[in-house]
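*Asks:* One structure is given below, represented as structure tokens, and several questions about it will come after.
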Amino acid sequence: QVQLVESGGGLVQAGGSLRLSCAASGSIFSGNAMGWYRQAPGKQRELVAVISAGGNTHYPDSVKGRFTISRDNAKNTLYLQMNNLKPEDTAVYYCNYIPARPAWGQGTQVIVSS
């Protein structure tokens with residue numbers, strides 16, 4: 001059973017930075033694409049960063065240039081560096097595989113104040 005545990009969220013002022021981490025159990029991490037997703041109140045969950053097994057990355061325009069996804073396969077850990085945060089980035093952030101597996105972690109709350 002794959003487990004995903006997110007951490008690193010918090011309350012930050014607009015323009016600030018946070019670094020999220022995701023610890024993944026199991027031996028399938030290194031060979032799979034991973035992603036960071038977020039869900040804001042009243043909105044659908046959206047994908048905000050993707051990293052392939054080989055390290056290629058992709059971002060939607062809403063976060064491009066501000067968010068950086070990375071991975072450490074030796075530690076089975078996924079990261080999301082978020083800079084120049086905006087109030088619209090406020091959401092619960094989750095990590096999961098690409099495509100997403102059915103089991104989600106608890107997520108980590110990010111609140112950006114204006």
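Ligands are numbered from 1 in the order shown, residues from 1 within each chain, and chains are lettered A, B, ... in the order they appear in the structure tokens.
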At most 12 Å is the cut-off: for each residue in region 30-77 of chain A with any atom that close to an atom of region 6-20 of chain A, write down the nearest atom pair and the distance in Å rounded to one decimal, counting only C-alpha atoms, chain first then increasing number, as CSV.
*Replies:*
residue,atom,partner,partner_atom,distance
A:Trp36,CA,A:Leu20,CA,9.5
A:Tyr37,CA,A:Glu6,CA,11.2
A:Arg38,CA,A:Glu6,CA,11.7
A:Arg66,CA,A:Ser17,CA,9.3
A:Phe67,CA,A:Arg19,CA,9.5
A:Thr68,CA,A:Arg19,CA,9.4
A:Ile69,CA,A:Leu20,CA,9.4
A:Ser70,CA,A:Leu20,CA,10.4
A:Arg71,CA,A:Leu20,CA,11.4
A:Thr77,CA,A:Glu6,CA,9.7
*Asks:* Please provide as a VMD selection string all residues within 9 Å of Asp72 (chain A), with the sequence filter that same-chain residues fewer than 6 positions apart are discarded (counting only C-alpha atoms).
*Replies:* chain A and resid 30 78 to 79
*Asks:* Residues as selected, C-alpha atoms, written as a tab-separated table (two decimals), in the first residue's frame, can you do that?
*Replies:*
chain	number	residue	atom	x	y	z
A	30	SER	CA	11.61	6.51	-8.60
A	78	LEU	CA	9.00	15.02	-3.59
A	79	TYR	CA	9.37	18.76	-3.06
*Asks:* What are the DSSP strand (DSSP E or B) residues of region 10-85 of chain A, as a ChimeraX atom specification?
*Replies:* /A:10-13,18-24,34-39,46-51,57-58,67-72,77-82
*Asks:* Taking only C-alpha atoms into account, name the residue in A:Gly35, A:Thr90, A:Gly26, A:Ile111 that is nearest to Ser52 (chain A).
*Replies:*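 Smallest distance to Ser52 (chain A) is found for A:Gly35.
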*Asks:* Residues within 9 Å of Phe29 (chain A), please, as a list of chain:residue names. Count only C-alpha atoms; anything in the same chain fewer than 3 positions from it doesn't count.
*Replies:*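 These residues fall inside the cut-off: A:Ala24, A:Ser25, A:Gly26, A:Asn32, A:Ala33, A:Met34, A:Ala53, A:Asn73, A:Asn76, A:Thr77, A:Tyr97.
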*Asks:* Grab the residues selected above and save them as a PDB file, in the first residue's frame with all heavy atoms.
*Replies:*
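part11.pdb, written as the output of this step:
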ATOM      1  N   ALA A  24       7.003   9.486   0.290  1.00  0.00           N
ATOM      2  CA  ALA A  24       6.248   8.393  -0.315  1.00  0.00           C
ATOM      3  C   ALA A  24       6.827   7.055   0.117  1.00  0.00           C
ATOM      4  O   ALA A  24       8.045   6.853   0.033  1.00  0.00           O
ATOM      5  CB  ALA A  24       6.269   8.513  -1.829  1.00  0.00           C
ATOM      6  N   SER A  25       5.972   6.178   0.569  1.00  0.00           N
ATOM      7  CA  SER A  25       6.432   4.832   0.928  1.00  0.00           C
ATOM      8  C   SER A  25       6.402   3.941  -0.301  1.00  0.00           C
ATOM      9  O   SER A  25       5.757   4.254  -1.296  1.00  0.00           O
ATOM     10  CB  SER A  25       5.556   4.252   2.023  1.00  0.00           C
ATOM     11  OG  SER A  25       4.241   4.074   1.536  1.00  0.00           O
ATOM     12  N   GLY A  26       7.090   2.837  -0.247  1.00  0.00           N
ATOM     13  CA  GLY A  26       7.053   1.899  -1.359  1.00  0.00           C
ATOM     14  C   GLY A  26       8.216   2.101  -2.313  1.00  0.00           C
ATOM     15  O   GLY A  26       8.904   3.113  -2.274  1.00  0.00           O
ATOM     16  N   ASN A  32       8.279   6.531 -11.508  1.00  0.00           N
ATOM     17  CA  ASN A  32       6.993   7.109 -11.881  1.00  0.00           C
ATOM     18  C   ASN A  32       7.000   8.624 -11.874  1.00  0.00           C
ATOM     19  O   ASN A  32       7.708   9.244 -11.086  1.00  0.00           O
ATOM     20  CB  ASN A  32       5.903   6.631 -10.906  1.00  0.00           C
ATOM     21  CG  ASN A  32       5.521   5.192 -11.135  1.00  0.00           C
ATOM     22  OD1 ASN A  32       4.653   4.887 -11.941  1.00  0.00           O
ATOM     23  ND2 ASN A  32       6.178   4.286 -10.434  1.00  0.00           N
ATOM     24  N   ALA A  33       6.187   9.198 -12.750  1.00  0.00           N
ATOM     25  CA  ALA A  33       5.964  10.643 -12.700  1.00  0.00           C
ATOM     26  C   ALA A  33       5.168  10.978 -11.444  1.00  0.00           C
ATOM     27  O   ALA A  33       4.322  10.198 -11.002  1.00  0.00           O
ATOM     28  CB  ALA A  33       5.206  11.103 -13.937  1.00  0.00           C
ATOM     29  N   MET A  34       5.459  12.134 -10.874  1.00  0.00           N
ATOM     30  CA  MET A  34       4.794  12.591  -9.670  1.00  0.00           C
ATOM     31  C   MET A  34       4.258  13.998  -9.891  1.00  0.00           C
ATOM     32  O   MET A  34       4.756  14.734 -10.750  1.00  0.00           O
ATOM     33  CB  MET A  34       5.767  12.617  -8.489  1.00  0.00           C
ATOM     34  CG  MET A  34       6.334  11.281  -8.080  1.00  0.00           C
ATOM     35  SD  MET A  34       5.094  10.186  -7.341  1.00  0.00           S
ATOM     36  CE  MET A  34       4.613  11.121  -5.891  1.00  0.00           C
ATOM     37  N   ALA A  53       9.685  10.788 -14.345  1.00  0.00           N
ATOM     38  CA  ALA A  53      10.681   9.916 -13.727  1.00  0.00           C
ATOM     39  C   ALA A  53      12.096  10.385 -14.068  1.00  0.00           C
ATOM     40  O   ALA A  53      13.027  10.240 -13.265  1.00  0.00           O
ATOM     41  CB  ALA A  53      10.468   8.477 -14.185  1.00  0.00           C
ATOM     42  N   ASN A  73      15.022  10.756  -5.360  1.00  0.00           N
ATOM     43  CA  ASN A  73      14.629   9.345  -5.447  1.00  0.00           C
ATOM     44  C   ASN A  73      15.270   8.500  -4.357  1.00  0.00           C
ATOM     45  O   ASN A  73      14.702   7.501  -3.931  1.00  0.00           O
ATOM     46  CB  ASN A  73      14.971   8.784  -6.826  1.00  0.00           C
ATOM     47  CG  ASN A  73      14.104   9.356  -7.926  1.00  0.00           C
ATOM     48  OD1 ASN A  73      12.975   9.793  -7.684  1.00  0.00           O
ATOM     49  ND2 ASN A  73      14.622   9.371  -9.146  1.00  0.00           N
ATOM     50  N   ASN A  76      12.920   8.909  -1.587  1.00  0.00           N
ATOM     51  CA  ASN A  76      11.488   8.765  -1.903  1.00  0.00           C
ATOM     52  C   ASN A  76      10.715  10.023  -1.499  1.00  0.00           C
ATOM     53  O   ASN A  76       9.624   9.939  -0.889  1.00  0.00           O
ATOM     54  CB  ASN A  76      10.894   7.538  -1.209  1.00  0.00           C
ATOM     55  CG  ASN A  76      11.122   6.263  -1.984  1.00  0.00           C
ATOM     56  OD1 ASN A  76      11.910   6.222  -2.926  1.00  0.00           O
ATOM     57  ND2 ASN A  76      10.444   5.204  -1.596  1.00  0.00           N
ATOM     58  N   THR A  77      11.264  11.179  -1.827  1.00  0.00           N
ATOM     59  CA  THR A  77      10.665  12.436  -1.392  1.00  0.00           C
ATOM     60  C   THR A  77      10.495  13.388  -2.566  1.00  0.00           C
ATOM     61  O   THR A  77      11.377  13.515  -3.414  1.00  0.00           O
ATOM     62  CB  THR A  77      11.510  13.109  -0.300  1.00  0.00           C
ATOM     63  OG1 THR A  77      11.636  12.204   0.802  1.00  0.00           O
ATOM     64  CG2 THR A  77      10.849  14.386   0.189  1.00  0.00           C
ATOM     65  N   TYR A  97       0.856  10.411  -7.581  1.00  0.00           N
ATOM     66  CA  TYR A  97       1.464   9.959  -8.816  1.00  0.00           C
ATOM     67  C   TYR A  97       0.719  10.581  -9.992  1.00  0.00           C
ATOM     68  O   TYR A  97      -0.333  11.204  -9.853  1.00  0.00           O
ATOM     69  CB  TYR A  97       1.422   8.434  -8.877  1.00  0.00           C
ATOM     70  CG  TYR A  97       2.355   7.794  -7.878  1.00  0.00           C
ATOM     71  CD1 TYR A  97       1.970   7.623  -6.556  1.00  0.00           C
ATOM     72  CD2 TYR A  97       3.641   7.416  -8.251  1.00  0.00           C
ATOM     73  CE1 TYR A  97       2.842   7.075  -5.634  1.00  0.00           C
ATOM     74  CE2 TYR A  97       4.514   6.865  -7.336  1.00  0.00           C
ATOM     75  CZ  TYR A  97       4.108   6.699  -6.027  1.00  0.00           C
ATOM     76  OH  TYR A  97       4.980   6.161  -5.121  1.00  0.00           O
TER      77      TYR A  97
END
*Asks:* Which of these, A:Val50, A:Ala103, A:Ala74, A:Val92, has the shortest distance to Gln1 (chain A) once you count only C-alpha atoms?
*Replies:*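 Among the listed residues, A:Ala103 lies closest to Gln1 (chain A).
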*Asks:* Do you have the CA of Met82 (chain A)-CA of Gln44 (chain A) distance handy?
*Replies:*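 Result for CA of Met82 (chain A) versus CA of Gln44 (chain A): 20.4 Å, one decimal.
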*Asks:* Choose the residue, out of A:Leu80, A:Leu4, A:Ser21, A:Tyr93, that has the smallest atom-to-atom separation from Thr57 (chain A); count only C-alpha atoms.
*Replies:*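 Result for the nearest residue to Thr57 (chain A): A:Leu80.
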*Asks:* Write down as a PyMOL selection string the residues belonging to chain A that are assigned helix (DSSP H, G or I) by DSSP computed on the backbone.
*Replies:* chain A and resi 73-75+87-89
*Asks:* Would you export the selected residues with N, CA and C atoms as an mmCIF file, in the first residue's frame, please?
*Replies:*
data_model
loop_
_atom_site.group_PDB
_atom_site.id
_atom_site.type_symbol
_atom_site.label_atom_id
_atom_site.label_comp_id
_atom_site.auth_asym_id
_atom_site.auth_seq_id
_atom_site.Cartn_x
_atom_site.Cartn_y
_atom_site.Cartn_z
ATOM 1 N N ASN A 73 15.022 10.756 -5.360
ATOM 2 C CA ASN A 73 14.629 9.345 -5.447
ATOM 3 C C ASN A 73 15.270 8.500 -4.357
ATOM 4 N N ALA A 74 16.438 8.882 -3.902
ATOM 5 C CA ALA A 74 17.096 8.126 -2.837
ATOM 6 C C ALA A 74 16.314 8.207 -1.538
ATOM 7 N N LYS A 75 15.593 9.307 -1.362
ATOM 8 C CA LYS A 75 14.809 9.505 -0.142
ATOM 9 C C LYS A 75 13.319 9.297 -0.364
ATOM 10 N N PRO A 87 -2.419 35.318 -2.706
ATOM 11 C CA PRO A 87 -3.606 34.835 -1.970
ATOM 12 C C PRO A 87 -4.351 33.731 -2.714
ATOM 13 N N GLU A 88 -4.348 33.764 -4.030
ATOM 14 C CA GLU A 88 -5.037 32.726 -4.797
ATOM 15 C C GLU A 88 -4.328 31.372 -4.762
ATOM 16 N N ASP A 89 -3.148 31.318 -4.168
ATOM 17 C CA ASP A 89 -2.464 30.040 -3.964
ATOM 18 C C ASP A 89 -2.961 29.323 -2.713
#
*Asks:* Report, in Å with one decimal, the straight-line distance from CA of His58 (chain A) to CA of Ser114 (chain A).
*Replies:*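 Taking CA of His58 (chain A) and CA of Ser114 (chain A), their separation equals 27.1 Å.
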*Asks:* What is the distance between CA of Asp61 (chain A) and CA of Gln81 (chain A), in Å to one decimal?
*Replies:*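 Those two atoms sit 15.9 Å apart.
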*Asks:* Could you check which of A:Pro41, A:Gly54, A:Gly31, A:Gly65 is closest to Val110 (chain A), using only C-alpha atoms?
*Replies:*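 Smallest distance to Val110 (chain A) is found for A:Pro41.
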